[in-house]
$ cat work-v1.txt   # compact mmCIF, C-alpha atoms
# COMPACT_ATOMS: atom_id res chain seq x y z
CA MET A 281 0.00 0.00 0.00
CA ALA A 282 2.87 2.39 0.82
CA MET A 283 4.45 1.78 -2.59
CA THR A 284 1.08 2.27 -4.31
CA MET A 285 0.57 5.59 -2.56
CA ARG A 286 4.10 6.62 -3.38
CA LEU A 287 3.67 5.87 -7.07
CA ALA A 288 0.34 7.69 -7.09
CA ASP A 289 1.87 10.80 -5.48
CA ILE A 290 4.77 10.87 -7.89
CA ALA A 291 2.54 10.26 -10.90
CA ALA A 292 0.14 13.03 -9.88
CA HIS A 293 2.96 15.53 -9.36
CA ALA A 294 4.68 14.65 -12.65
CA GLY A 295 1.43 14.48 -14.62
CA VAL A 296 2.07 10.93 -15.87
CA SER A 297 0.68 7.45 -15.23
CA GLU A 298 1.84 5.17 -12.42
CA ALA A 299 3.09 2.76 -15.08
CA THR A 300 5.37 5.47 -16.47
CA VAL A 301 6.72 6.19 -12.99
CA SER A 302 7.43 2.47 -12.56
CA ARG A 303 9.33 2.33 -15.86
CA VAL A 304 11.51 5.29 -14.84
CA LEU A 305 12.24 3.90 -11.38
CA ASN A 306 13.19 0.53 -12.86
CA GLY A 307 15.37 2.05 -15.58
CA ARG A 308 13.31 0.68 -18.44
CA ALA A 309 13.38 2.05 -21.97
CA GLY A 310 10.49 3.69 -23.78
CA VAL A 311 10.24 6.88 -21.73
CA ALA A 312 10.82 10.29 -23.34
CA PRO A 313 13.68 12.31 -21.79
CA ALA A 314 11.34 15.15 -20.77
CA THR A 315 8.94 12.71 -19.12
CA ARG A 316 11.78 10.94 -17.37
CA GLN A 317 13.05 14.27 -16.04
CA ALA A 318 9.56 15.20 -14.81
CA VAL A 319 9.39 11.98 -12.78
CA LEU A 320 12.87 12.52 -11.30
CA THR A 321 11.95 16.10 -10.39
CA ALA A 322 8.79 14.85 -8.68
CA LEU A 323 10.89 12.41 -6.64
CA ASP A 324 13.14 15.22 -5.47
CA VAL A 325 10.36 17.70 -4.71
CA LEU A 326 8.31 15.17 -2.76
CA GLY A 327 11.34 14.16 -0.71
CA TYR A 328 11.68 10.56 -1.88
CA GLU A 329 15.07 8.92 -2.18
CA ARG A 330 15.99 7.96 -5.70
CA PRO A 331 16.69 4.26 -6.31
CA PRO A 332 20.43 3.48 -6.16
CA ARG A 333 20.66 3.15 -9.95
CA LEU A 334 19.41 6.72 -10.35
CA ARG A 335 21.30 8.46 -7.57
CA GLN A 336 24.41 9.09 -9.63
CA GLN A 337 22.18 11.01 -12.05
CA ARG A 338 20.82 13.31 -9.37
CA THR A 339 21.32 16.96 -10.24
CA GLY A 340 21.12 20.12 -8.23
CA LEU A 341 17.71 21.69 -7.74
CA ILE A 342 16.93 25.31 -8.62
CA GLY A 343 13.75 26.99 -7.44
CA LEU A 344 11.83 28.96 -10.08
CA ILE A 345 8.98 31.06 -8.66
CA VAL A 346 6.57 32.79 -11.05
CA PRO A 347 3.44 34.79 -10.18
CA GLU A 348 1.07 32.75 -12.37
CA LEU A 349 0.82 30.57 -15.47
CA THR A 350 -2.38 32.02 -16.98
CA ASN A 351 -0.44 34.95 -18.45
CA PRO A 352 1.51 33.40 -21.38
CA ILE A 353 4.62 35.47 -20.71
CA PHE A 354 5.44 33.55 -17.53
CA PRO A 355 5.33 30.04 -19.07
CA ALA A 356 7.58 31.49 -21.79
CA PHE A 357 10.13 32.59 -19.19
CA ALA A 358 9.82 29.25 -17.39
CA GLN A 359 10.47 27.25 -20.55
CA VAL A 360 13.65 29.14 -21.43
CA ILE A 361 14.98 28.99 -17.87
CA GLU A 362 14.13 25.31 -17.34
CA ASN A 363 15.77 24.27 -20.62
CA ALA A 364 18.92 26.28 -19.92
CA LEU A 365 19.21 24.81 -16.42
CA ALA A 366 18.72 21.27 -17.71
CA LEU A 367 21.54 21.72 -20.22
CA SER A 368 23.78 22.67 -17.30
CA GLY A 369 22.78 19.65 -15.24
CA TYR A 370 20.26 21.32 -12.96
CA THR A 371 16.59 20.62 -12.39
CA ALA A 372 14.14 23.52 -12.09
CA VAL A 373 11.43 23.22 -9.46
CA LEU A 374 8.61 25.37 -10.86
CA CYS A 375 6.41 27.12 -8.29
CA ALA A 376 3.45 29.09 -9.64
CA MET A 377 1.28 31.23 -7.41
CA THR A 378 -2.48 31.59 -7.69
CA PRO A 379 -4.86 34.02 -5.97
CA GLY A 380 -5.63 32.69 -2.51
CA GLY A 381 -3.11 29.87 -2.94
CA ILE A 382 0.43 29.28 -1.73
CA ARG A 383 2.37 32.49 -1.23
CA GLU A 384 5.91 33.26 -2.40
CA ASP A 385 7.26 33.01 1.15
CA ASP A 386 5.69 29.57 1.57
CA TYR A 387 7.24 28.36 -1.67
CA THR A 388 10.59 29.74 -0.58
CA GLU A 389 10.48 27.77 2.66
CA LEU A 390 9.50 24.62 0.75
CA LEU A 391 12.42 25.07 -1.62
CA LEU A 392 14.85 25.63 1.25
CA GLU A 393 13.66 22.41 2.86
CA ARG A 394 14.42 20.61 -0.40
CA GLY A 395 17.97 21.96 -0.35
CA VAL A 396 17.88 23.97 -3.57
CA SER A 397 21.13 25.42 -4.86
CA GLY A 398 19.52 28.75 -5.71
CA ILE A 399 16.21 30.47 -6.43
CA ILE A 400 15.01 32.55 -9.39
CA PHE A 401 12.16 34.99 -8.73
CA VAL A 402 10.23 36.20 -11.80
CA ASN A 403 8.08 39.31 -11.18
CA GLY A 404 7.81 38.32 -7.54
CA GLU A 405 7.18 40.29 -4.36
CA HIS A 406 10.33 42.25 -5.11
CA ALA A 407 8.40 43.98 -7.93
CA ASP A 408 6.03 45.49 -5.35
CA SER A 409 7.63 48.74 -4.24
CA ARG A 410 5.81 48.53 -0.90
CA SER A 411 6.76 44.94 -0.05
CA ASP A 412 9.08 43.96 2.77
CA ARG A 413 12.60 43.32 1.50
CA THR A 414 13.48 41.21 4.56
CA ARG A 415 12.47 37.98 2.81
CA TYR A 416 15.32 38.46 0.32
CA LEU A 417 17.84 39.74 2.85
CA ARG A 418 17.46 36.50 4.82
CA LEU A 419 18.30 34.46 1.74
CA ILE A 420 21.30 36.64 0.96
CA GLU A 421 22.56 36.43 4.54
CA ARG A 422 22.48 32.63 4.47
CA GLY A 423 24.54 32.70 1.26
CA LEU A 424 21.87 31.31 -1.09
CA PRO A 425 22.34 32.51 -4.68
CA ILE A 426 19.26 34.30 -6.01
CA VAL A 427 18.41 36.21 -9.18
CA LEU A 428 15.41 38.51 -9.51
CA VAL A 429 13.65 39.21 -12.81
CA ASN A 430 11.78 42.48 -13.52
CA GLY A 431 11.12 44.83 -10.61
CA TYR A 432 14.43 46.35 -9.54
CA ARG A 433 14.85 47.28 -5.88
CA GLU A 434 17.80 49.41 -4.82
CA ASP A 435 17.43 48.14 -1.26
CA VAL A 436 18.08 44.50 -2.23
CA GLU A 437 21.72 43.63 -2.98
CA ALA A 438 21.21 40.93 -5.58
CA PRO A 439 21.57 40.56 -9.34
CA PHE A 440 18.53 41.76 -11.31
CA ILE A 441 17.65 41.00 -14.94
CA SER A 442 14.99 43.33 -16.35
CA ASN A 443 13.29 44.46 -19.51
CA ASP A 444 13.73 48.20 -20.14
CA ASP A 445 10.13 49.18 -19.42
CA VAL A 446 10.79 52.90 -19.81
CA ALA A 447 12.14 52.44 -23.33
CA SER A 448 9.25 50.10 -24.10
CA LEU A 449 6.56 52.70 -23.62
CA GLU A 450 8.63 55.39 -25.31
CA MET A 451 8.68 53.09 -28.36
CA ALA A 452 4.94 52.54 -28.21
CA VAL A 453 4.16 56.26 -28.03
CA ALA A 454 6.66 57.07 -30.80
CA HIS A 455 4.99 54.51 -33.07
CA LEU A 456 1.50 55.86 -32.44
CA ALA A 457 2.63 59.47 -32.80
CA SER A 458 4.20 58.61 -36.17
CA LEU A 459 0.77 57.40 -37.27
CA GLY A 460 -0.75 60.77 -36.45
CA HIS A 461 -2.32 59.96 -33.08
CA ARG A 462 -2.41 62.88 -30.69
CA ARG A 463 -4.77 61.63 -27.99
CA ILE A 464 -3.05 58.54 -26.60
CA GLY A 465 -3.96 56.77 -23.37
CA LEU A 466 -2.18 54.29 -21.13
CA ALA A 467 -3.82 51.26 -19.49
CA VAL A 468 -1.28 49.86 -17.03
CA GLY A 469 -1.08 47.89 -13.78
CA GLN A 470 -1.27 49.21 -10.25
CA ASP A 471 1.13 52.04 -9.47
CA ARG A 472 2.77 50.19 -6.57
CA PHE A 473 4.57 47.78 -8.91
CA VAL A 474 7.97 48.73 -10.32
CA PRO A 475 7.22 47.63 -13.93
CA SER A 476 4.04 49.75 -13.93
CA ILE A 477 5.91 52.71 -12.44
CA ARG A 478 8.53 52.47 -15.17
CA LYS A 479 6.02 52.00 -17.98
CA THR A 480 4.21 55.10 -16.77
CA GLU A 481 7.51 57.02 -16.78
CA GLY A 482 8.19 55.87 -20.34
CA PHE A 483 4.70 56.93 -21.41
CA ARG A 484 5.19 60.38 -19.90
CA ARG A 485 8.57 60.77 -21.60
CA GLY A 486 7.21 59.62 -24.93
CA MET A 487 4.25 62.00 -24.81
CA ALA A 488 6.52 64.91 -23.91
CA GLU A 489 9.16 64.12 -26.54
CA HIS A 490 6.97 63.16 -29.48
CA LEU A 491 3.83 65.22 -28.89
CA GLY A 492 4.97 68.00 -26.57
CA VAL A 493 2.30 66.96 -24.05
CA THR A 494 3.34 67.04 -20.39
CA ASP A 495 -0.01 67.02 -18.60
CA VAL A 496 -1.02 63.39 -19.11
CA GLY A 497 -2.37 62.45 -15.69
CA ASP A 498 -5.92 61.99 -16.94
CA LEU A 499 -4.68 59.75 -19.77
CA ILE A 500 -3.20 57.14 -17.41
CA VAL A 501 -5.49 54.45 -16.00
CA ASN A 502 -4.17 51.96 -13.44
CA THR A 503 -6.01 48.68 -13.65
CA LEU A 504 -5.66 44.93 -13.14
CA PHE A 505 -3.62 42.70 -15.44
CA THR A 506 -6.75 40.97 -16.73
CA VAL A 507 -9.00 41.14 -19.78
CA GLU A 508 -11.66 42.74 -17.59
CA GLY A 509 -9.15 45.28 -16.31
CA GLY A 510 -8.21 46.24 -19.85
CA GLN A 511 -11.83 46.56 -20.87
CA ALA A 512 -12.64 48.86 -17.95
CA ALA A 513 -9.57 51.01 -18.62
CA ALA A 514 -10.48 51.33 -22.29
CA GLN A 515 -13.95 52.61 -21.39
CA ARG A 516 -12.44 55.47 -19.39
CA LEU A 517 -9.88 56.35 -22.06
CA LEU A 518 -12.44 56.24 -24.86
CA ASP A 519 -14.62 58.61 -22.84
CA LEU A 520 -11.68 61.03 -23.01
CA GLY A 521 -11.53 60.79 -26.80
CA CYS A 522 -8.40 58.65 -27.10
CA THR A 523 -7.75 57.28 -30.58
CA ALA A 524 -4.95 55.01 -29.36
CA ILE A 525 -4.25 53.01 -26.21
CA CYS A 526 -0.92 51.70 -24.94
CA CYS A 527 -1.32 48.69 -22.66
CA GLY A 528 0.85 47.28 -19.87
CA SER A 529 0.38 43.70 -21.09
CA ASP A 530 -1.07 41.75 -24.00
CA ILE A 531 -3.86 40.56 -21.71
CA ILE A 532 -4.86 44.16 -20.95
CA ALA A 533 -4.69 44.89 -24.69
CA ILE A 534 -7.15 42.08 -25.43
CA GLY A 535 -9.51 43.67 -22.92
CA ALA A 536 -9.01 47.10 -24.51
CA ILE A 537 -9.96 45.72 -27.92
CA ARG A 538 -13.06 44.13 -26.39
CA GLY A 539 -13.94 47.44 -24.74
CA ALA A 540 -13.62 49.34 -28.02
CA ARG A 541 -15.71 46.83 -29.93
CA GLY A 542 -18.33 46.88 -27.23
CA ARG A 543 -18.90 50.50 -28.19
CA GLY A 544 -19.16 49.75 -31.88
CA LEU A 545 -15.63 50.99 -32.60
CA ARG A 546 -13.29 49.24 -34.98
CA VAL A 547 -9.69 48.29 -34.24
CA PRO A 548 -7.56 49.74 -35.77
CA GLU A 549 -9.70 51.96 -38.02
CA ASP A 550 -11.19 53.93 -35.09
CA VAL A 551 -8.89 52.99 -32.21
CA SER A 552 -5.31 51.67 -32.28
CA VAL A 553 -4.09 49.33 -29.53
CA VAL A 554 -0.52 48.41 -28.53
CA GLY A 555 0.16 45.49 -26.19
CA PHE A 556 3.19 44.52 -24.15
CA ASP A 557 5.12 41.20 -23.92
CA ASP A 558 4.54 39.64 -27.38
CA SER A 559 2.91 36.55 -25.93
CA PRO A 560 2.91 33.48 -28.23
CA LEU A 561 -0.72 33.93 -29.33
CA THR A 562 -0.59 37.65 -30.21
CA PRO A 563 0.05 37.06 -33.94
CA TYR A 564 -3.19 35.05 -34.09
CA LEU A 565 -5.53 37.54 -32.44
CA ASP A 566 -8.12 39.47 -34.44
CA PRO A 567 -6.53 41.74 -35.41
CA PRO A 568 -2.95 40.51 -34.87
CA LEU A 569 -1.60 42.62 -32.03
CA THR A 570 1.05 45.29 -32.33
CA THR A 571 3.08 44.87 -29.17
CA ILE A 572 6.36 45.43 -27.35
CA ARG A 573 8.43 42.24 -27.26
CA GLN A 574 10.32 41.43 -24.10
CA PRO A 575 13.55 39.61 -25.05
CA VAL A 576 12.50 36.56 -23.06
CA ARG A 577 15.09 34.16 -24.43
CA GLU A 578 18.02 36.52 -23.91
CA MET A 579 16.83 37.46 -20.44
CA GLY A 580 16.21 33.83 -19.45
CA LEU A 581 19.66 32.76 -20.57
CA ALA A 582 21.22 35.68 -18.69
CA VAL A 583 19.31 34.69 -15.55
CA VAL A 584 20.65 31.13 -15.68
CA SER A 585 24.19 32.22 -16.50
CA THR A 586 24.18 34.70 -13.61
CA LEU A 587 22.81 32.18 -11.11
CA LEU A 588 25.28 29.47 -12.12
CA GLU A 589 28.16 31.90 -11.72
CA GLU A 590 26.98 32.61 -8.20
CA ILE A 591 26.61 28.91 -7.44
CA GLY A 592 30.11 28.35 -8.79
CA GLY A 593 31.54 30.88 -6.36
CA SER A 594 31.92 33.90 -8.64
CA ARG A 595 30.34 37.04 -7.26
CA VAL A 596 28.43 38.87 -9.98
CA PRO A 597 27.65 42.60 -9.75
CA ARG A 598 24.77 43.50 -7.44
CA THR A 599 23.05 45.67 -9.99
CA GLU A 600 20.44 45.59 -12.73
CA LEU A 601 21.08 44.33 -16.24
CA LEU A 602 18.58 46.00 -18.59
CA TYR A 603 17.54 44.39 -21.86
CA ARG A 604 16.30 46.40 -24.83
CA PRO A 605 12.79 45.51 -26.03
CA GLU A 606 11.54 45.44 -29.61
CA LEU A 607 8.47 46.98 -31.23
CA VAL A 608 6.56 44.37 -33.24
CA VAL A 609 4.14 46.07 -35.62
CA ARG A 610 1.09 44.07 -36.66
CA ARG A 611 -2.45 45.09 -37.60
CA SER A 612 -3.92 46.51 -34.36
CA THR A 613 -2.44 49.95 -35.11
CA ALA A 614 -3.17 52.24 -38.06
CA PRO A 615 -3.13 55.95 -38.94
CA ALA A 616 -5.28 58.10 -36.68
CA PRO A 617 -8.85 58.61 -37.90
CA ALA A 618 -9.59 61.91 -39.64
CA ARG A 619 -11.89 62.81 -36.80
CA LEU A 620 -12.43 61.48 -33.31
CA PRO A 621 -14.70 58.44 -33.28
CA VAL A 622 -18.17 58.90 -31.88
CA VAL A 623 -18.31 57.06 -28.56
CA ALA A 624 -21.46 54.98 -28.39
CA ASP A 625 -23.17 53.62 -25.33
CA ALA A 626 -21.18 50.78 -23.74
CA SER A 627 -24.07 48.40 -24.31
CA ALA A 628 -24.14 48.99 -28.05
CA GLY A 629 -23.21 46.08 -30.27
CA PRO A 630 -20.41 46.03 -32.82
CA ARG A 631 -20.81 47.74 -36.14
CA ASP A 632 -21.95 45.79 -39.16
$ encode --input "work-v1.txt" --output "structure tokens"
Amino acid sequence: MAMTMRLADIAAHAGVSEATVSRVLNGRAGVAPATRQAVLTALDVLGYERPPRLRQQRTGLIGLIVPELTNPIFPAFAQVIENALALSGYTAVLCAMTPGGIREDDYTELLLERGVSGIIFVNGEHADSRSDRTRYLRLIERGLPIVLVNGYREDVEAPFISNDDVASLEMAVAHLASLGHRRIGLAVGQDRFVPSIRKTEGFRRGMAEHLGVTDVGDLIVNTLFTVEGGQAAAQRLLDLGCTAICCGSDIIAIGAIRGARGRGLRVPEDVSVVGFDDSPLTPYLDPPLTTIRQPVREMGLAVVSTLLEEIGGSRVPRTELLYRPELVVRRSTAPAPARLPVVADASAGPRD
């Protein structure tokens, strides 16, 4: 019964059948390398001893904490980081948070109990400018290598890898201004988060440089990183006569498009929308989304390289390494309409 329960636990954690777990544990052929690695990772995470024949293949564990998996950008980061770690002989232990679920601090304690060699935090609590930095100072004091992605904090002495969010929004505004848009809005996350703070700064700079507009407070809407949040933000910006909307994520941009269409407006003929991240599905949206591409692969490889240097005993600079984004122009942006679109009632259906 104990062995049955053990196989069931491992199979459930790895997402495979008990028969597959048995084949891996007994060293039998016919198991894909990725599946085999998933089973071995499950063994390590659940605290089981590997069979003697597999112990010499045991690799170091690296914690990888991401805020969620519903936003496609975070699975993209996880895939790059996991693959790079595997090529270096390490196994990533992926920890994804959900609302009301396990918190970052709880995951950190779990990873420490498992004896991880280091932890990578992607858009974690460090990105909240009001969060307590003590959680990271404790890890640093105990000598555990950590790398933090997006959300630089001057009060945390650790290596940071970030996308240049300021440059990102400057690019977005420059693109829209070149298309003749003069009334541009920003739908972005809550103003307590470092990426949102920086995107807002980039928007302000872009509006000042390319349009000579410095009073943009009413054109900035802080919202949630959800489709519903984007839709609500778009309603407010459309009320102000915006012909273009910059968004803090592709998910918000999808909501903004929905909000515009809910008023009978066309994208991009009446309203242009720019996203952020270049998530894998953005080319297939209707219309394909113009967006700012985070250099996920380059950033992920830099994260792994930095962490492995730390694990190897080389002290890397305690600073932020900024990566330049890229504007990807698709069909959700177009020249500004000759006149401001008439804003219909929110309950109106789409145009014929």
$ residues_around --input "work-v1.txt" --residues "Val501 (chain A)" --least-positions-apart "5" --cutoff "10 Å" --atoms "all atoms listed in the file" --output "ChimeraX atom specification"
/A:465-471,480,509-510,512-514,516-517,527
$ closest_residue --input "work-v1.txt" --among "A:Arg463, A:Glu589, A:Phe483, A:Arg478" --to "Leu518 (chain A)" --atoms "only C-alpha atoms"
A:Arg463
$ closest_residue --input "work-v1.txt" --among "A:Thr570, A:Thr506, A:Thr586, A:Ser594" --to "Leu607 (chain A)" --atoms "all atoms listed in the file"
A:Thr570
$ closest_residue --input "work-v1.txt" --among "A:Asp530, A:Asp385, A:Asp324, A:Asp435" --to "Val507 (chain A)" --atoms "all atoms listed in the file"
A:Asp530
$ atom_distance --input "work-v1.txt" --atom1 "CA of Val373 (chain A)" --atom2 "CA of Thr321 (chain A)"
7.2 Å
$ build_atoms --input "work-v1.txt" --residues "region 521-545 of chain A" --atoms "N, CA, C and O atoms" --output "PDB file, in the frame of the given file"
ATOM      1  N   GLY A 521     -11.805  60.534 -25.389  1.00  0.00           N
ATOM      2  CA  GLY A 521     -11.530  60.790 -26.800  1.00  0.00           C
ATOM      3  C   GLY A 521     -10.226  60.235 -27.315  1.00  0.00           C
ATOM      4  O   GLY A 521      -9.714  60.698 -28.351  1.00  0.00           O
ATOM      5  N   CYS A 522      -9.662  59.241 -26.634  1.00  0.00           N
ATOM      6  CA  CYS A 522      -8.400  58.650 -27.100  1.00  0.00           C
ATOM      7  C   CYS A 522      -8.625  57.877 -28.400  1.00  0.00           C
ATOM      8  O   CYS A 522      -9.587  57.119 -28.525  1.00  0.00           O
ATOM      9  N   THR A 523      -7.715  58.052 -29.336  1.00  0.00           N
ATOM     10  CA  THR A 523      -7.750  57.280 -30.580  1.00  0.00           C
ATOM     11  C   THR A 523      -6.728  56.153 -30.558  1.00  0.00           C
ATOM     12  O   THR A 523      -6.647  55.377 -31.514  1.00  0.00           O
ATOM     13  N   ALA A 524      -5.944  56.072 -29.492  1.00  0.00           N
ATOM     14  CA  ALA A 524      -4.950  55.010 -29.360  1.00  0.00           C
ATOM     15  C   ALA A 524      -4.730  54.711 -27.882  1.00  0.00           C
ATOM     16  O   ALA A 524      -4.814  55.614 -27.044  1.00  0.00           O
ATOM     17  N   ILE A 525      -4.447  53.431 -27.594  1.00  0.00           N
ATOM     18  CA  ILE A 525      -4.250  53.010 -26.210  1.00  0.00           C
ATOM     19  C   ILE A 525      -3.012  52.133 -26.123  1.00  0.00           C
ATOM     20  O   ILE A 525      -2.902  51.118 -26.824  1.00  0.00           O
ATOM     21  N   CYS A 526      -2.079  52.532 -25.273  1.00  0.00           N
ATOM     22  CA  CYS A 526      -0.920  51.700 -24.940  1.00  0.00           C
ATOM     23  C   CYS A 526      -1.303  50.851 -23.723  1.00  0.00           C
ATOM     24  O   CYS A 526      -1.915  51.363 -22.781  1.00  0.00           O
ATOM     25  N   CYS A 527      -0.922  49.590 -23.731  1.00  0.00           N
ATOM     26  CA  CYS A 527      -1.320  48.690 -22.660  1.00  0.00           C
ATOM     27  C   CYS A 527      -0.109  48.082 -21.968  1.00  0.00           C
ATOM     28  O   CYS A 527       0.924  47.835 -22.604  1.00  0.00           O
ATOM     29  N   GLY A 528      -0.255  47.826 -20.664  1.00  0.00           N
ATOM     30  CA  GLY A 528       0.850  47.280 -19.870  1.00  0.00           C
ATOM     31  C   GLY A 528       1.072  45.805 -20.057  1.00  0.00           C
ATOM     32  O   GLY A 528       2.047  45.259 -19.551  1.00  0.00           O
ATOM     33  N   SER A 529       0.200  45.114 -20.779  1.00  0.00           N
ATOM     34  CA  SER A 529       0.380  43.700 -21.090  1.00  0.00           C
ATOM     35  C   SER A 529      -0.505  43.343 -22.275  1.00  0.00           C
ATOM     36  O   SER A 529      -1.452  44.081 -22.608  1.00  0.00           O
ATOM     37  N   ASP A 530      -0.226  42.207 -22.898  1.00  0.00           N
ATOM     38  CA  ASP A 530      -1.070  41.750 -24.000  1.00  0.00           C
ATOM     39  C   ASP A 530      -2.469  41.397 -23.505  1.00  0.00           C
ATOM     40  O   ASP A 530      -3.462  41.573 -24.221  1.00  0.00           O
ATOM     41  N   ILE A 531      -2.548  40.894 -22.266  1.00  0.00           N
ATOM     42  CA  ILE A 531      -3.860  40.560 -21.710  1.00  0.00           C
ATOM     43  C   ILE A 531      -4.711  41.815 -21.556  1.00  0.00           C
ATOM     44  O   ILE A 531      -5.903  41.823 -21.887  1.00  0.00           O
ATOM     45  N   ILE A 532      -4.125  42.890 -21.061  1.00  0.00           N
ATOM     46  CA  ILE A 532      -4.860  44.160 -20.950  1.00  0.00           C
ATOM     47  C   ILE A 532      -5.268  44.630 -22.338  1.00  0.00           C
ATOM     48  O   ILE A 532      -6.378  45.153 -22.533  1.00  0.00           O
ATOM     49  N   ALA A 533      -4.387  44.456 -23.321  1.00  0.00           N
ATOM     50  CA  ALA A 533      -4.690  44.890 -24.690  1.00  0.00           C
ATOM     51  C   ALA A 533      -5.889  44.140 -25.261  1.00  0.00           C
ATOM     52  O   ALA A 533      -6.730  44.726 -25.952  1.00  0.00           O
ATOM     53  N   ILE A 534      -5.992  42.857 -24.979  1.00  0.00           N
ATOM     54  CA  ILE A 534      -7.150  42.080 -25.430  1.00  0.00           C
ATOM     55  C   ILE A 534      -8.427  42.674 -24.838  1.00  0.00           C
ATOM     56  O   ILE A 534      -9.450  42.814 -25.514  1.00  0.00           O
ATOM     57  N   GLY A 535      -8.360  43.043 -23.555  1.00  0.00           N
ATOM     58  CA  GLY A 535      -9.510  43.670 -22.920  1.00  0.00           C
ATOM     59  C   GLY A 535      -9.834  45.023 -23.536  1.00  0.00           C
ATOM     60  O   GLY A 535     -11.011  45.379 -23.695  1.00  0.00           O
ATOM     61  N   ALA A 536      -8.785  45.797 -23.894  1.00  0.00           N
ATOM     62  CA  ALA A 536      -9.010  47.100 -24.510  1.00  0.00           C
ATOM     63  C   ALA A 536      -9.712  46.963 -25.856  1.00  0.00           C
ATOM     64  O   ALA A 536     -10.609  47.749 -26.193  1.00  0.00           O
ATOM     65  N   ILE A 537      -9.305  45.968 -26.630  1.00  0.00           N
ATOM     66  CA  ILE A 537      -9.960  45.720 -27.920  1.00  0.00           C
ATOM     67  C   ILE A 537     -11.424  45.346 -27.711  1.00  0.00           C
ATOM     68  O   ILE A 537     -12.322  45.822 -28.404  1.00  0.00           O
ATOM     69  N   ARG A 538     -11.672  44.505 -26.709  1.00  0.00           N
ATOM     70  CA  ARG A 538     -13.060  44.130 -26.390  1.00  0.00           C
ATOM     71  C   ARG A 538     -13.854  45.364 -25.986  1.00  0.00           C
ATOM     72  O   ARG A 538     -15.012  45.532 -26.394  1.00  0.00           O
ATOM     73  N   GLY A 539     -13.242  46.240 -25.173  1.00  0.00           N
ATOM     74  CA  GLY A 539     -13.940  47.440 -24.740  1.00  0.00           C
ATOM     75  C   GLY A 539     -14.294  48.355 -25.893  1.00  0.00           C
ATOM     76  O   GLY A 539     -15.388  48.936 -25.938  1.00  0.00           O
ATOM     77  N   ALA A 540     -13.358  48.495 -26.853  1.00  0.00           N
ATOM     78  CA  ALA A 540     -13.620  49.340 -28.020  1.00  0.00           C
ATOM     79  C   ALA A 540     -14.749  48.751 -28.863  1.00  0.00           C
ATOM     80  O   ALA A 540     -15.677  49.460 -29.291  1.00  0.00           O
ATOM     81  N   ARG A 541     -14.680  47.468 -29.095  1.00  0.00           N
ATOM     82  CA  ARG A 541     -15.710  46.830 -29.930  1.00  0.00           C
ATOM     83  C   ARG A 541     -17.071  46.842 -29.263  1.00  0.00           C
ATOM     84  O   ARG A 541     -18.103  46.900 -29.935  1.00  0.00           O
ATOM     85  N   GLY A 542     -17.072  46.800 -27.945  1.00  0.00           N
ATOM     86  CA  GLY A 542     -18.330  46.880 -27.230  1.00  0.00           C
ATOM     87  C   GLY A 542     -19.051  48.191 -27.439  1.00  0.00           C
ATOM     88  O   GLY A 542     -20.258  48.309 -27.207  1.00  0.00           O
ATOM     89  N   ARG A 543     -18.303  49.194 -27.897  1.00  0.00           N
ATOM     90  CA  ARG A 543     -18.900  50.500 -28.190  1.00  0.00           C
ATOM     91  C   ARG A 543     -19.125  50.699 -29.678  1.00  0.00           C
ATOM     92  O   ARG A 543     -19.410  51.797 -30.128  1.00  0.00           O
ATOM     93  N   GLY A 544     -18.945  49.641 -30.439  1.00  0.00           N
ATOM     94  CA  GLY A 544     -19.160  49.750 -31.880  1.00  0.00           C
ATOM     95  C   GLY A 544     -17.984  50.369 -32.611  1.00  0.00           C
ATOM     96  O   GLY A 544     -18.117  50.782 -33.767  1.00  0.00           O
ATOM     97  N   LEU A 545     -16.821  50.437 -31.960  1.00  0.00           N
ATOM     98  CA  LEU A 545     -15.630  50.990 -32.600  1.00  0.00           C
ATOM     99  C   LEU A 545     -14.787  49.877 -33.206  1.00  0.00           C
ATOM    100  O   LEU A 545     -14.747  48.766 -32.701  1.00  0.00           O
TER     101      LEU A 545
END
